[in-house]
Amino acid sequence: MQRFSSRSIDDLASHSWIVRAYDLLESCFGDLHWWPGESPLEIVIGAILTQNTAWINVEKAIGNLKGAGLLSIEALYHITEENLSLVIKPAGFYRQKAKRLKAFIDFLVLNYGGNLSSMFEEDEGTLREKLLCVYGIGKETADSILLYAGGKLFFVIDAYTRRILGRHGVMQERASYEEYQKLFKTHLPKEVRIYNQYHALLVETGKRYCRREPLCANCPLKDI
DNA sequence: CACCAGGCAAGTA
DNA sequence: TACTTGCATGGT
């Protein structure tokens, strides 16, 4: 029986990779202070609109919402789902996403008087469970809302995170959302600022250096 | 022209 | 549990 399981060896390797990657990326990109959005509401809307969609198209949809005066709970509550879908059209999947935005707004109005601040006053574990019950909100969207709009300590796992860690052999790309989340939770200080910045750094890296094919030679992480 | 983008829900085995 | 498919516009 070996005294040191391969698990703990792996943990050490993972730990050093996670920490080194953070330092390297931060020295490359600096402080990104994410999420691109000017208010908690805009962040929530962006989180739903960006589902499997290029951010550039989300910006157009949000621009349309602004132009139409629809960046408020009130306005979003009163507009019809169909009209909303036309405004957010550039983001793609527009019928589904109109339904999802409506579902969230209804949830917010019904449970928290339409007040985002009130929503975030709820116990964060309970809130996450409730968000996951809202139509159109899965784990990534829930964690994005909690971290970036609410400042809660939840690490966001997205396609870029999987791809980057998968390609660098830190974890199987197909591993579960929980496995990925545990990896970061285990090896990082429990600070919202770090969670926020790290995910932002990973997305930036993914956009620039880790698109589908091929693996970019200039990726800052290639020598770890 | 083909392929993909910061997912999710619903259906199948 | 672990796949598969539909959803849809716009950039490369």
# chains A, B, ... in the order shown; residues from 1 in each chain; ligands from 1
>>> interface_residues(of="chain A", to="chain C", cutoff="10 Å", atoms="only C-alpha atoms (C1' of nucleotides)", output="PDB file with C-alpha atoms, in the first residue's frame")
ATOM      1  CA  THR A  53     -23.239  33.116 -28.246  1.00  0.00           C
ATOM      2  CA  ALA A  54     -20.357  35.383 -29.226  1.00  0.00           C
ATOM      3  CA  ILE A  56     -20.098  40.823 -29.891  1.00  0.00           C
ATOM      4  CA  ASN A  57     -23.657  39.816 -30.707  1.00  0.00           C
ATOM      5  CA  LYS A  89     -32.559  39.318 -32.005  1.00  0.00           C
ATOM      6  CA  PRO A  90     -28.851  39.886 -32.750  1.00  0.00           C
ATOM      7  CA  ALA A  91     -27.937  37.660 -29.791  1.00  0.00           C
ATOM      8  CA  GLY A  92     -29.410  34.606 -31.505  1.00  0.00           C
ATOM      9  CA  PHE A  93     -31.796  32.009 -30.013  1.00  0.00           C
ATOM     10  CA  TYR A  94     -33.942  35.058 -29.532  1.00  0.00           C
ATOM     11  CA  ARG A  95     -37.277  33.366 -28.812  1.00  0.00           C
ATOM     12  CA  GLN A  96     -35.743  31.148 -26.153  1.00  0.00           C
ATOM     13  CA  LYS A  97     -33.767  33.981 -24.635  1.00  0.00           C
TER      14      LYS A  97
END
>>> residues_around(residues="B:DA9", least_positions_apart="6", cutoff="10 Å", atoms="only C-alpha atoms (C1' of nucleotides)", output="list of chain:residue names")
A:Tyr135, A:Gly136, A:Ile137, A:Gly138, C:DG6
>>> closest_atom_pairs(of="chain A", to="chain B", cutoff="10 Å", atoms="only C-alpha atoms (C1' of nucleotides)", output="JSON lines")
{"residue": "A:Ala47", "atom": "CA", "partner": "B:DG6", "partner_atom": "C1'", "distance": 8.5}
{"residue": "A:Ile48", "atom": "CA", "partner": "B:DG7", "partner_atom": "C1'", "distance": 8.7}
{"residue": "A:Leu49", "atom": "CA", "partner": "B:DG7", "partner_atom": "C1'", "distance": 9.8}
{"residue": "A:Thr50", "atom": "CA", "partner": "B:DG6", "partner_atom": "C1'", "distance": 6.4}
{"residue": "A:Gln51", "atom": "CA", "partner": "B:DG7", "partner_atom": "C1'", "distance": 4.6}
{"residue": "A:Asn52", "atom": "CA", "partner": "B:DG7", "partner_atom": "C1'", "distance": 5.2}
{"residue": "A:Thr53", "atom": "CA", "partner": "B:DA5", "partner_atom": "C1'", "distance": 4.4}
{"residue": "A:Ala54", "atom": "CA", "partner": "B:DA5", "partner_atom": "C1'", "distance": 4.1}
{"residue": "A:Trp55", "atom": "CA", "partner": "B:DG6", "partner_atom": "C1'", "distance": 7.3}
{"residue": "A:Ile56", "atom": "CA", "partner": "B:DA5", "partner_atom": "C1'", "distance": 9.4}
{"residue": "A:Asn57", "atom": "CA", "partner": "B:DA5", "partner_atom": "C1'", "distance": 9.3}
{"residue": "A:Gln96", "atom": "CA", "partner": "B:DC8", "partner_atom": "C1'", "distance": 9.6}
{"residue": "A:Arg100", "atom": "CA", "partner": "B:DC8", "partner_atom": "C1'", "distance": 9.9}
{"residue": "A:Tyr135", "atom": "CA", "partner": "B:DA9", "partner_atom": "C1'", "distance": 8.3}
{"residue": "A:Gly136", "atom": "CA", "partner": "B:DC8", "partner_atom": "C1'", "distance": 5.8}
{"residue": "A:Ile137", "atom": "CA", "partner": "B:DC8", "partner_atom": "C1'", "distance": 7.1}
{"residue": "A:Gly138", "atom": "CA", "partner": "B:DC8", "partner_atom": "C1'", "distance": 6.4}
{"residue": "A:Lys139", "atom": "CA", "partner": "B:DG7", "partner_atom": "C1'", "distance": 9.2}
{"residue": "A:Glu140", "atom": "CA", "partner": "B:DG7", "partner_atom": "C1'", "distance": 7.8}
{"residue": "A:Thr141", "atom": "CA", "partner": "B:DG7", "partner_atom": "C1'", "distance": 8.1}
{"residue": "A:Ser144", "atom": "CA", "partner": "B:DG6", "partner_atom": "C1'", "distance": 9.9}
{"residue": "A:Val156", "atom": "CA", "partner": "B:DG6", "partner_atom": "C1'", "distance": 9.9}
{"residue": "A:Ile157", "atom": "CA", "partner": "B:DG6", "partner_atom": "C1'", "distance": 9.3}
{"residue": "A:Asp158", "atom": "CA", "partner": "B:DG6", "partner_atom": "C1'", "distance": 6.2}
{"residue": "A:Ala159", "atom": "CA", "partner": "B:DG6", "partner_atom": "C1'", "distance": 6.9}
{"residue": "A:Tyr160", "atom": "CA", "partner": "B:DG6", "partner_atom": "C1'", "distance": 7.2}
{"residue": "A:Thr161", "atom": "CA", "partner": "B:DG6", "partner_atom": "C1'", "distance": 9.4}
{"residue": "A:His199", "atom": "CA", "partner": "B:DG6", "partner_atom": "C1'", "distance": 9.8}
{"residue": "A:Ala200", "atom": "CA", "partner": "B:DG6", "partner_atom": "C1'", "distance": 9.6}
{"residue": "A:Leu202", "atom": "CA", "partner": "B:DG6", "partner_atom": "C1'", "distance": 9.9}
{"residue": "A:Val203", "atom": "CA", "partner": "B:DG6", "partner_atom": "C1'", "distance": 6.7}
{"residue": "A:Glu204", "atom": "CA", "partner": "B:DG6", "partner_atom": "C1'", "distance": 9.7}
{"residue": "A:Gly206", "atom": "CA", "partner": "B:DG6", "partner_atom": "C1'", "distance": 9.3}
{"residue": "A:Lys207", "atom": "CA", "partner": "B:DG6", "partner_atom": "C1'", "distance": 9.1}
{"residue": "A:Arg211", "atom": "CA", "partner": "B:DC4", "partner_atom": "C1'", "distance": 9.4}
{"residue": "A:Arg212", "atom": "CA", "partner": "B:DC4", "partner_atom": "C1'", "distance": 8.2}
>>> select_by_dssp(residues="stretch 159-194 of chain A", states="alpha helix (DSSP H)", output="JSON, numbers by chain")
{"A": [159, 160, 161, 162, 163, 164, 165, 166, 167, 177, 178, 179, 180, 181, 182, 183, 184, 185, 186, 187, 192, 193, 194]}
